[in-house]
$ cat coords11.cif   # mmCIF, C-alpha atoms
data_upload
loop_
_atom_site.label_atom_id
_atom_site.label_comp_id
_atom_site.auth_asym_id
_atom_site.auth_seq_id
_atom_site.Cartn_x
_atom_site.Cartn_y
_atom_site.Cartn_z
CA MET A 184 24.45 33.08 24.48
CA LYS A 185 26.62 30.53 22.68
CA ILE A 186 25.97 27.99 19.95
CA ASP A 187 26.13 24.34 20.98
CA VAL A 188 27.48 21.89 18.42
CA LEU A 189 26.43 18.32 17.77
CA LEU A 190 28.52 16.19 15.42
CA GLY A 191 29.67 12.68 14.63
CA LEU A 192 32.98 11.32 15.90
CA GLN A 193 33.45 8.36 13.55
CA TRP A 194 32.85 7.87 9.80
CA GLY A 195 29.30 9.20 9.82
CA ASP A 196 26.04 7.29 10.36
CA GLU A 197 26.42 7.64 14.13
CA GLY A 198 22.77 8.56 14.74
CA LYS A 199 22.96 12.36 14.77
CA GLY A 200 19.45 12.89 13.42
CA LYS A 201 17.80 11.09 16.32
CA ILE A 202 19.75 13.04 18.91
CA VAL A 203 19.09 16.42 17.28
CA ASP A 204 15.40 15.56 17.18
CA VAL A 205 15.47 14.66 20.90
CA LEU A 206 17.37 17.82 21.83
CA THR A 207 15.38 20.34 19.78
CA PRO A 208 12.80 21.08 22.51
CA ASP A 209 15.75 22.70 24.35
CA TYR A 210 16.68 24.90 21.35
CA ASP A 211 15.08 27.69 19.36
CA VAL A 212 17.20 27.21 16.23
CA VAL A 213 18.84 24.17 14.59
CA ALA A 214 21.39 25.02 11.88
CA ARG A 215 23.17 22.74 9.41
CA PHE A 216 26.70 24.03 8.79
CA GLN A 217 28.29 21.74 6.16
CA GLY A 218 27.80 18.84 3.78
CA GLY A 219 25.01 18.18 1.34
CA PRO A 220 22.50 15.50 0.36
CA ASN A 221 25.18 12.85 0.91
CA ALA A 222 24.02 13.09 4.53
CA GLY A 223 21.22 10.84 5.78
CA HIS A 224 19.90 11.64 9.24
CA THR A 225 17.33 9.03 10.29
CA ILE A 226 14.62 9.82 12.84
CA GLU A 227 11.96 7.39 14.08
CA PHE A 228 8.92 8.16 16.22
CA ASP A 229 5.26 7.15 16.46
CA GLY A 230 5.98 4.16 14.25
CA LYS A 231 7.21 6.38 11.41
CA LYS A 232 10.67 6.69 9.90
CA PHE A 233 12.08 9.82 8.27
CA VAL A 234 15.43 10.33 6.53
CA LEU A 235 16.64 13.93 6.17
CA HIS A 236 19.37 14.78 3.65
CA THR A 237 19.55 18.58 3.61
CA ILE A 238 16.92 19.89 6.03
CA PRO A 239 18.04 20.30 9.68
CA SER A 240 16.68 17.68 12.06
CA GLY A 241 14.79 20.23 14.15
CA VAL A 242 12.04 20.29 11.54
CA PHE A 243 9.82 17.96 13.59
CA ASN A 244 9.55 20.49 16.40
CA PRO A 245 6.90 23.07 15.32
CA GLY A 246 8.47 25.87 17.36
CA CYS A 247 12.01 25.41 16.05
CA ILE A 248 13.65 27.55 13.35
CA ASN A 249 15.71 25.48 10.89
CA LEU A 250 18.59 27.10 9.02
CA ILE A 251 20.55 25.66 6.09
CA GLY A 252 23.85 27.51 6.45
CA ASN A 253 26.28 28.85 3.89
CA GLY A 254 28.61 25.86 4.36
CA VAL A 255 25.95 23.47 3.05
CA ILE A 256 25.65 22.63 -0.64
CA ILE A 257 22.17 22.19 -2.07
CA ASP A 258 20.64 20.14 -4.87
CA PRO A 259 17.28 21.90 -5.44
CA LEU A 260 15.60 18.80 -6.82
CA ILE A 261 16.60 16.65 -3.86
CA LEU A 262 15.60 19.39 -1.41
CA GLN A 263 12.24 19.90 -3.10
CA ALA A 264 11.52 16.15 -2.96
CA GLU A 265 12.47 16.09 0.71
CA ILE A 266 10.13 18.99 1.48
CA LYS A 267 7.25 17.43 -0.46
CA LYS A 268 7.62 14.14 1.38
CA LEU A 269 7.52 15.88 4.76
CA VAL A 270 4.48 17.95 3.76
CA GLN A 271 2.69 14.77 2.66
CA SER A 272 3.35 13.41 6.15
CA GLY A 273 1.66 16.43 7.68
CA ILE A 274 4.81 18.32 8.66
CA ASP A 275 4.81 22.03 7.80
CA VAL A 276 8.38 22.57 6.65
CA THR A 277 8.53 25.88 4.84
CA LYS A 278 7.19 28.07 7.65
CA ASN A 279 10.30 27.66 9.81
CA LEU A 280 12.89 26.81 7.14
CA PHE A 281 15.51 29.42 6.17
CA ILE A 282 18.21 28.98 3.51
CA SER A 283 21.48 30.89 3.21
CA ARG A 284 21.90 32.85 0.01
CA LYS A 285 25.59 31.93 0.19
CA ALA A 286 24.96 28.16 0.08
CA HIS A 287 26.36 26.70 -3.14
CA LEU A 288 24.26 24.87 -5.72
CA ILE A 289 24.91 21.31 -6.85
CA LEU A 290 24.36 21.58 -10.61
CA PRO A 291 23.17 18.62 -12.71
CA THR A 292 26.58 18.60 -14.40
CA HIS A 293 28.27 18.27 -11.00
CA ARG A 294 26.59 14.88 -10.69
CA LEU A 295 27.88 13.87 -14.11
CA MET A 296 31.38 14.97 -13.13
CA ASP A 297 31.15 12.98 -9.90
CA ALA A 298 30.26 9.80 -11.79
CA ALA A 299 32.93 10.42 -14.45
CA GLN A 300 35.68 11.08 -11.92
CA GLU A 301 34.77 8.05 -9.81
CA ALA A 302 34.69 5.79 -12.87
CA SER A 303 38.08 7.06 -14.01
CA LYS A 304 39.69 5.99 -10.69
CA GLY A 305 38.94 2.32 -11.25
CA ALA A 306 40.03 0.24 -8.25
CA ALA A 307 41.23 3.41 -6.48
CA LYS A 308 37.72 4.89 -6.25
CA ILE A 309 36.88 6.59 -2.95
CA GLY A 310 33.30 5.35 -2.67
CA SER A 311 31.52 8.58 -3.62
CA THR A 312 27.75 8.82 -3.07
CA LEU A 313 27.60 10.27 -6.63
CA LYS A 314 25.55 13.23 -5.40
CA GLY A 315 27.94 15.78 -6.90
CA ILE A 316 29.45 16.73 -3.56
CA GLY A 317 33.15 16.74 -4.50
CA PRO A 318 32.79 18.62 -7.81
CA THR A 319 30.58 21.26 -6.15
CA TYR A 320 33.08 21.93 -3.37
CA THR A 321 35.85 21.92 -6.00
CA ASP A 322 34.09 24.68 -7.90
CA LYS A 323 33.49 26.56 -4.66
CA ILE A 324 37.19 26.56 -3.76
CA ALA A 325 38.20 27.31 -7.37
CA ARG A 326 35.84 30.31 -7.29
CA ASN A 327 33.69 28.94 -10.09
CA GLY A 328 30.68 28.05 -7.96
CA ILE A 329 27.11 29.26 -8.25
CA ARG A 330 25.25 30.10 -5.05
CA ILE A 331 21.57 30.12 -4.14
CA GLY A 332 21.57 33.92 -4.20
CA ASP A 333 23.04 33.96 -7.71
CA SER A 334 19.92 32.22 -9.03
CA CYS A 335 17.97 35.42 -8.31
CA LEU A 336 20.29 37.62 -10.37
CA GLU A 337 19.70 38.71 -13.98
CA ASN A 338 22.86 37.03 -15.30
CA PHE A 339 22.10 33.62 -13.74
CA LYS A 340 21.21 31.95 -17.03
CA SER A 341 24.45 32.94 -18.74
CA ARG A 342 26.52 31.89 -15.70
CA TYR A 343 24.71 28.56 -15.56
CA GLU A 344 25.29 27.91 -19.27
CA LEU A 345 28.98 28.78 -18.91
CA GLN A 346 29.41 26.25 -16.10
CA ARG A 347 27.36 23.65 -17.93
CA THR A 348 29.57 23.92 -21.02
CA ARG A 349 32.76 23.78 -18.97
CA HIS A 350 31.60 20.74 -17.01
CA LEU A 351 30.49 18.78 -20.06
CA LYS A 352 33.88 19.33 -21.65
CA LEU A 353 35.58 17.96 -18.52
CA VAL A 354 33.26 14.94 -18.58
CA LYS A 355 34.11 14.36 -22.25
CA ASP A 356 37.83 14.61 -21.49
CA LEU A 357 37.38 11.74 -19.02
CA ASP A 358 35.89 9.58 -21.83
CA PHE A 359 32.62 9.31 -19.92
CA ASP A 360 29.57 8.68 -22.10
CA TYR A 361 26.85 10.48 -20.19
CA SER A 362 24.22 9.91 -22.90
CA SER A 363 23.44 6.54 -21.33
CA TYR A 364 24.07 7.55 -17.71
CA LYS A 365 21.03 7.82 -15.45
CA ILE A 366 20.76 10.35 -12.62
CA ASP A 367 18.21 9.01 -10.14
CA GLY A 368 16.75 6.91 -12.95
CA GLN A 369 16.54 9.73 -15.50
CA ASP A 370 18.65 10.73 -18.47
CA PHE A 371 20.58 13.97 -18.11
CA ASP A 372 18.27 16.25 -20.11
CA ALA A 373 15.16 15.15 -18.20
CA TYR A 374 16.94 15.53 -14.87
CA GLU A 375 18.21 18.99 -15.78
CA LYS A 376 14.71 20.15 -16.75
CA GLN A 377 13.32 19.03 -13.41
CA TRP A 378 16.30 20.56 -11.59
CA LEU A 379 15.65 23.97 -13.11
CA SER A 380 11.97 23.73 -12.14
CA ALA A 381 12.93 22.77 -8.59
CA LEU A 382 15.27 25.74 -8.40
CA GLU A 383 12.31 28.06 -9.01
CA PHE A 384 10.55 26.40 -6.08
CA ILE A 385 13.58 26.84 -3.80
CA LYS A 386 13.76 30.53 -4.75
CA SER A 387 10.24 30.92 -3.38
CA LEU A 388 11.37 29.87 0.10
CA GLN A 389 12.82 32.11 2.81
CA LEU A 390 16.33 33.04 1.62
CA VAL A 391 18.48 34.94 4.12
CA ASP A 392 21.93 36.38 4.62
CA SER A 393 22.61 33.63 7.11
CA GLU A 394 25.64 35.15 8.84
CA TYR A 395 23.51 38.11 9.89
CA PHE A 396 20.51 35.89 10.59
CA ILE A 397 22.35 33.54 12.97
CA ASN A 398 24.11 36.35 14.84
CA GLU A 399 20.82 38.22 15.24
CA GLN A 400 19.33 35.07 16.75
CA LEU A 401 22.28 34.88 19.14
CA ALA A 402 21.94 38.54 20.10
CA ALA A 403 18.25 37.96 20.80
CA GLY A 404 19.15 35.27 23.33
CA LYS A 405 17.96 32.34 21.23
CA ARG A 406 19.37 28.90 22.02
CA ILE A 407 21.05 27.48 18.91
CA LEU A 408 22.25 23.99 18.02
CA ALA A 409 24.62 23.54 15.08
CA GLU A 410 24.10 20.17 13.39
CA GLY A 411 26.96 18.47 11.58
CA ALA A 412 26.78 15.91 8.79
CA GLN A 413 29.04 12.93 8.06
CA GLY A 414 31.69 12.37 10.78
CA THR A 415 35.00 13.67 12.09
CA LEU A 416 37.04 10.89 10.47
CA LEU A 417 35.70 12.05 7.08
CA ASP A 418 36.92 15.63 7.54
CA ILE A 419 38.72 16.99 4.48
CA ASP A 420 41.75 18.04 6.57
CA PHE A 421 41.85 15.59 9.45
CA GLY A 422 40.05 12.51 8.13
CA SER A 423 41.45 9.45 6.37
CA TYR A 424 42.46 11.45 3.29
CA PRO A 425 41.77 10.94 0.40
CA PHE A 426 38.90 8.71 1.54
CA VAL A 427 37.02 11.64 3.00
CA THR A 428 34.19 14.05 2.23
CA SER A 429 34.85 17.51 0.79
CA SER A 430 33.97 19.70 3.78
CA ASN A 431 35.15 20.37 7.33
CA THR A 432 33.05 18.08 9.49
CA THR A 433 34.70 19.13 12.78
CA SER A 434 33.55 21.85 15.17
CA ALA A 435 35.89 24.28 13.36
CA GLY A 436 33.52 24.06 10.39
CA VAL A 437 30.75 25.66 12.45
CA CYS A 438 32.44 29.07 12.31
CA SER A 439 32.98 29.10 8.55
CA GLY A 440 29.77 27.20 7.78
CA LEU A 441 27.48 29.57 9.68
CA GLY A 442 29.45 32.79 10.01
CA ILE A 443 29.98 32.90 13.76
CA ALA A 444 33.05 33.77 15.80
CA PRO A 445 35.00 31.00 17.61
CA ASN A 446 34.17 32.51 21.00
CA LYS A 447 30.47 31.91 20.27
CA VAL A 448 30.85 28.11 20.38
CA GLY A 449 29.52 26.56 23.60
CA GLU A 450 29.09 22.86 24.37
CA VAL A 451 30.38 20.34 21.82
CA LEU A 452 28.31 17.17 21.89
CA GLY A 453 29.97 14.18 20.22
CA ILE A 454 28.03 11.17 18.97
CA PHE A 455 29.55 7.73 18.47
CA LYS A 456 28.36 4.16 18.07
CA ALA A 457 29.22 1.43 20.55
CA TYR A 458 31.01 -0.14 17.57
CA CYS A 459 32.24 1.28 14.24
CA THR A 460 30.83 1.40 10.72
CA ARG A 461 32.03 2.84 7.46
CA VAL A 462 30.54 3.19 3.95
CA GLY A 463 32.77 3.18 0.89
CA SER A 464 36.53 2.79 0.62
CA GLY A 465 39.23 3.76 3.09
CA PRO A 466 41.11 2.38 6.10
CA PHE A 467 39.17 0.64 8.87
CA SER A 468 41.55 -1.15 11.21
CA THR A 469 38.90 -2.85 13.38
CA GLU A 470 36.74 -4.02 10.47
CA LEU A 471 35.29 -7.50 10.87
CA PHE A 472 34.86 -9.97 8.03
CA ASP A 473 33.41 -12.77 10.16
CA GLU A 474 30.05 -13.67 11.68
CA ASP A 475 30.47 -10.97 14.35
CA GLY A 476 30.64 -8.28 11.67
CA GLU A 477 27.64 -9.76 9.89
CA LEU A 478 25.69 -9.86 13.16
CA MET A 479 26.44 -6.18 13.78
CA ARG A 480 25.23 -5.33 10.27
CA LYS A 481 22.04 -7.34 10.70
CA GLN A 482 21.21 -6.22 14.24
CA GLY A 483 22.08 -2.58 13.50
CA ASN A 484 20.38 -2.50 10.08
CA GLU A 485 23.65 -1.12 8.78
CA PHE A 486 22.77 -0.01 5.31
CA GLY A 487 23.40 3.55 4.14
CA SER A 488 20.34 5.81 4.55
CA THR A 489 21.47 7.81 1.49
CA THR A 490 23.03 5.14 -0.73
CA GLY A 491 21.49 1.91 0.60
CA ARG A 492 24.95 0.33 0.50
CA PRO A 493 25.80 -2.20 3.23
CA ARG A 494 28.08 -0.62 5.82
CA ARG A 495 31.37 -2.14 6.85
CA CYS A 496 31.24 -3.06 10.55
CA GLY A 497 33.82 -3.56 13.28
CA TRP A 498 34.73 -3.10 16.93
CA ILE A 499 35.00 0.34 18.50
CA ASP A 500 38.30 2.13 17.82
CA LEU A 501 39.24 4.15 20.92
CA PRO A 502 42.43 5.85 19.62
CA ALA A 503 40.38 7.18 16.68
CA LEU A 504 37.60 8.24 19.05
CA LYS A 505 40.06 10.06 21.30
CA TYR A 506 41.51 11.79 18.23
CA ALA A 507 38.03 13.02 17.28
CA VAL A 508 37.39 14.20 20.84
CA MET A 509 40.65 16.18 20.75
CA LEU A 510 39.94 17.82 17.37
CA ASN A 511 36.45 18.92 18.31
CA GLY A 512 36.91 19.87 21.95
CA VAL A 513 34.08 17.51 22.89
CA THR A 514 32.48 18.24 26.25
CA ALA A 515 29.94 15.39 26.37
CA LEU A 516 29.51 12.05 24.61
CA PHE A 517 26.36 10.33 23.39
CA MET A 518 26.69 6.59 22.73
CA MET A 519 24.38 5.15 20.09
CA LYS A 520 23.22 1.64 19.24
CA ALA A 521 24.35 -0.04 22.45
CA ASP A 522 21.46 -2.48 21.89
CA VAL A 523 23.14 -3.83 18.73
CA LEU A 524 25.71 -5.51 20.99
CA ASP A 525 23.08 -7.18 23.22
CA SER A 526 23.79 -10.72 22.03
CA PHE A 527 27.62 -10.67 22.11
CA GLU A 528 29.37 -12.84 24.70
CA ARG A 529 32.59 -10.81 24.58
CA LEU A 530 33.26 -7.28 23.40
CA LYS A 531 36.49 -5.95 21.97
CA LEU A 532 37.75 -2.38 22.23
CA ALA A 533 40.81 -1.28 20.23
CA VAL A 534 43.12 0.64 22.59
CA ALA A 535 46.24 0.93 20.36
CA TYR A 536 47.72 -0.12 17.01
CA ARG A 537 50.73 -2.17 15.96
CA TYR A 538 52.46 -0.05 13.35
CA LYS A 539 55.91 -0.62 11.79
CA GLY A 540 57.01 -2.77 14.70
CA GLU A 541 55.75 -0.39 17.40
CA VAL A 542 52.62 -0.09 19.52
CA ILE A 543 51.14 3.38 19.12
CA THR A 544 47.98 5.16 20.31
CA HIS A 545 47.84 7.90 17.68
CA LEU A 546 46.76 7.94 14.03
CA PRO A 547 49.90 8.22 11.87
CA PHE A 548 50.06 10.43 8.79
CA ASP A 549 50.22 7.45 6.42
CA ALA A 550 47.38 5.51 8.05
CA CYS A 551 45.70 5.19 4.64
CA THR A 552 48.65 3.38 3.09
CA GLN A 553 49.96 1.39 6.06
CA GLU A 554 48.13 -1.45 7.75
CA LEU A 555 47.26 -0.64 11.36
CA GLU A 556 46.77 -3.79 13.40
CA PRO A 557 44.46 -3.11 16.35
CA VAL A 558 45.49 -3.99 19.90
CA TYR A 559 42.37 -5.04 21.80
CA GLU A 560 41.11 -5.12 25.34
CA GLU A 561 38.21 -7.47 25.99
CA LEU A 562 35.19 -7.01 28.24
CA PRO A 563 32.24 -9.32 28.92
CA GLY A 564 29.00 -8.59 27.05
CA TRP A 565 25.73 -7.93 28.87
CA LYS A 566 23.74 -10.64 27.06
CA THR A 567 20.36 -9.06 27.69
CA THR A 568 18.03 -6.78 25.77
CA LEU A 569 18.31 -3.05 26.49
CA GLN A 570 15.34 -1.81 24.51
CA ASP A 571 12.85 -1.68 27.40
CA MET A 572 15.19 -0.14 29.96
CA LYS A 573 14.17 3.31 31.21
CA SER A 574 16.94 4.60 33.48
CA ALA A 575 20.67 4.34 34.13
CA ASN A 576 19.94 2.16 37.18
CA ASP A 577 18.38 -0.43 34.86
CA LEU A 578 21.53 -0.89 32.80
CA PRO A 579 23.42 -4.14 33.34
CA GLN A 580 26.77 -3.88 35.11
CA ALA A 581 28.65 -5.11 32.02
CA LEU A 582 27.33 -2.17 30.00
CA GLN A 583 28.17 0.26 32.78
CA ASP A 584 31.72 -1.14 32.80
CA PHE A 585 31.89 -0.79 29.01
CA ILE A 586 30.84 2.87 29.25
CA ARG A 587 33.26 3.59 32.10
CA PHE A 588 36.14 2.07 30.11
CA ILE A 589 35.42 4.43 27.21
CA GLU A 590 35.07 7.45 29.49
CA ASP A 591 38.38 6.72 31.18
CA TYR A 592 40.14 6.31 27.83
CA VAL A 593 38.92 9.54 26.20
CA ASN A 594 38.46 11.52 29.43
CA VAL A 595 34.97 12.79 28.53
CA PRO A 596 31.70 11.67 30.18
CA VAL A 597 28.99 9.71 28.36
CA LYS A 598 25.75 11.61 29.01
CA LEU A 599 23.27 9.68 26.85
CA VAL A 600 22.99 6.04 25.80
CA SER A 601 20.67 4.98 22.98
CA THR A 602 18.99 1.61 23.47
CA GLY A 603 16.88 1.44 20.29
CA PRO A 604 15.87 3.35 17.14
CA ASP A 605 12.91 5.27 18.56
CA ARG A 606 13.39 8.80 19.93
CA LEU A 607 12.13 7.55 23.34
CA GLN A 608 14.75 4.81 23.59
CA LEU A 609 17.37 6.98 25.28
CA ILE A 610 18.83 6.80 28.77
CA ARG A 611 20.34 9.85 30.44
CA MET A 612 23.36 8.88 32.50
#

$ encode --input "coords11.cif" --output "structure tokens"
Amino acid sequence: MKIDVLLGLQWGDEGKGKIVDVLTPDYDVVARFQGGPNAGHTIEFDGKKFVLHTIPSGVFNPGCINLIGNGVIIDPLILQAEIKKLVQSGIDVTKNLFISRKAHLILPTHRLMDAAQEASKGAAKIGSTLKGIGPTYTDKIARNGIRIGDSCLENFKSRYELQRTRHLKLVKDLDFDYSSYKIDGQDFDAYEKQWLSALEFIKSLQLVDSEYFINEQLAAGKRILAEGAQGTLLDIDFGSYPFVTSSNTTSAGVCSGLGIAPNKVGEVLGIFKAYCTRVGSGPFSTELFDEDGELMRKQGNEFGSTTGRPRRCGWIDLPALKYAVMLNGVTALFMMKADVLDSFERLKLAVAYRYKGEVITHLPFDACTQELEPVYEELPGWKTTLQDMKSANDLPQALQDFIRFIEDYVNVPVKLVSTGPDRLQLIRM
């Protein structure tokens, strides 16, 4: 057996949670392999809406095992709140939830450092979610991190205090007055007290050596889906650096984030929107600042599920999509939010960029510092609602032409098209 991978091909917010939820009946295990509570995977069904930040999206399938892998970073207080909310909705989370002992902890002081570092950048800020993601990964790479498994050791308290002292000194060096700073509406001391209590709760859950756990599941013939967070264009190595997240969001991150060999990766399922969105700072060549962009934001409800910030909106960027397909080895595409474009007379698709007097179809190294002017092709819109359509034969010809144009450009087939927010509003092509 091999592990299939599902990940985003743009700047995140592509709709991964919905697709994982739809696919889980075909899988025995869903495993998150990177990122932290900066993720926000939204799932809607039976008139209810759920947003998952750390827990894998297979949690709504009672027969599915959900694994938080070693590549994920965990804030115990956020995870505890997420679990409690699901339990209150009648969803038994803890029975099938497993957490890697090697997953790193987001400490309360990591959140202070995140806020201090972002404030110190001024106009050059990257648009952090202020969840402590960057500082936690920094400590991990610098070999200063504290992992879930460490919290069960006798010397945890002294290690925690050492990190706390070091972090507060760094915050002070940045001239950041944390005495008045609120973390999720609380002052630091109150937040830290609750965090430590939440950590005790997390320690009571099923902690595993996840690299052994996942390979044992594979050996037993279990079907496994690896779930990515954020999007390819936010990858620490291949995204729009420095306006990126702090982990490897590509399919390569599955191996290091779960502890599997490269030859165990099977299908790579790439999710993208029929247009583009981005939260925070960074280049966005097809961004719209007119009524079309505002219509996309309104029709798509484009506000961050983690931060609540309005998302920047623009036309689909095909060179960037093809780049993401190449990096991940995508074998099938899922197109989300086609219905958001229902009312547009004409649709634009970026097929190249004007860059330093040339027309190019690749993303240059200095794309973050040089203006890339998109070169567009135009297609007619379908000007009809998609939300009640049930099969590929129902789709208007204009949408079929739009899909075929994308397939021809990136040379990968579109297998699913989402026509609304509910898990049932999906058309298999």

$ resolve_selection --input "coords11.cif" --expression "the PyMOL selection byres ((chain A and resi 401-405) around 12)" --output "list in words"
Met184, Lys185, Ile186, Asp187, Asp209, Tyr210, Asp211, Val212, Val213, Cys247, Ile248, Glu394, Tyr395, Phe396, Ile397, Asn398, Glu399, Gln400, Arg406, Ile407, Leu408, Gly442, Ile443, Ala444, Lys447, Val448 and Gly449 of chain A

$ resolve_selection --input "coords11.cif" --expression "the PyMOL selection byres ((chain A and resi 284) around 7)" --output "VMD selection string"
chain A and resid 282 to 283 285 to 286 330 to 332 390 to 392

$ axis_aligned_box --input "coords11.cif" --around "segment 434-438 of chain A" --padding-each-side "4 Å" --output "AutoDock Vina command-line options"
--center_x 33.3 --center_y 25.5 --center_z 12.8 --size_x 13.1 --size_y 15.2 --size_z 12.8

$ resolve_selection --input "coords11.cif" --expression "the PyMOL selection byres ((chain A and resi 221-227) around 8)" --output "ChimeraX atom specification"
/A:196,198-201,204,218-220,228-237,240,312,314,316,412-413,487-489,604-606

$ closest_residue --input "coords11.cif" --among "A:Ser526, A:Glu474, A:Gln570, A:Ile499" --to "Phe588 of chain A" --atoms "all atoms listed in the file"
A:Ile499

$ residues_around --input "coords11.cif" --residues "Asn431 of chain A" --least-positions-apart "3" --cutoff "6 Å" --atoms "only C-alpha atoms" --output "list in words"
Asp418, Ile419 and Gly436 of chain A

$ atom_distance --input "coords11.cif" --atom1 "atom CA of Ala535 of chain A" --atom2 "atom CA of Gly195 of chain A"
21.6 Å

$ atom_distance --input "coords11.cif" --atom1 "atom CA of Ile256 of chain A" --atom2 "atom CA of Phe216 of chain A"
9.6 Å

$ atom_distance --input "coords11.cif" --atom1 "atom CA of Glu470 of chain A" --atom2 "atom CA of Ile610 of chain A"
27.8 Å

$ closest_residue --input "coords11.cif" --among "A:Pro466, A:Asp584, A:Met296, A:Tyr364" --to "Lys352 of chain A" --atoms "all atoms listed in the file"
A:Met296

$ residues_around --input "coords11.cif" --residues "Ile274 of chain A" --least-positions-apart "4" --cutoff "9 Å" --atoms "all atoms listed in the file" --output "list in words"
Val242, Phe243, Pro245, Ile266, Lys268, Leu269 and Val270 of chain A

$ closest_residue --input "coords11.cif" --among "A:Leu189, A:Leu345, A:Val462, A:Ala214" --to "Glu450 of chain A" --atoms "all atoms listed in the file"
A:Leu189

$ residues_near_point --input "coords11.cif" --point "(8.2, 27.5, 10.2)" --cutoff "8 Å" --atoms "all atoms listed in the file" --output "list in words"
Pro245, Gly246, Cys247, Ile248, Asn249, Asp275, Val276, Thr277, Lys278, Asn279 and Leu280 of chain A

$ residues_around --input "coords11.cif" --residues "Arg294 of chain A" --least-positions-apart "6" --cutoff "9 Å" --atoms "only C-alpha atoms" --output "number ranges by chain"
A: 313-316, 318-319, 366

$ closest_residue --input "coords11.cif" --among "A:Phe467, A:Phe486, A:Tyr506, A:Tyr458" --to "Leu530 of chain A" --atoms "all atoms listed in the file"
A:Tyr458

$ closest_residue --input "coords11.cif" --among "A:Asp356, A:Asp367, A:Glu561, A:Asp258" --to "Phe384 of chain A" --atoms "all atoms listed in the file"
A:Asp258

$ closest_residue --input "coords11.cif" --among "A:Leu417, A:Val437, A:Met518, A:Ala299" --to "Lys355 of chain A" --atoms "only C-alpha atoms"
A:Ala299

$ closest_atom_pairs --input "coords11.cif" --of "segment 514-610 of chain A" --to "segment 491-498 of chain A" --cutoff "9 Å" --atoms "all atoms listed in the file" --output "JSON lines"
{"residue": "A:Leu530", "atom": "CA", "partner": "A:Trp498", "partner_atom": "CA", "distance": 7.8}
{"residue": "A:Lys531", "atom": "CA", "partner": "A:Trp498", "partner_atom": "CA", "distance": 6.1}
{"residue": "A:Leu532", "atom": "CA", "partner": "A:Trp498", "partner_atom": "CA", "distance": 6.1}
{"residue": "A:Ala533", "atom": "CA", "partner": "A:Trp498", "partner_atom": "CA", "distance": 7.2}

$ residues_around --input "coords11.cif" --residues "Ile385 of chain A" --least-positions-apart "2" --cutoff "9 Å" --atoms "only C-alpha atoms" --output "VMD selection string"
chain A and resid 259 to 260 262 to 263 282 331 381 to 383 387 to 390
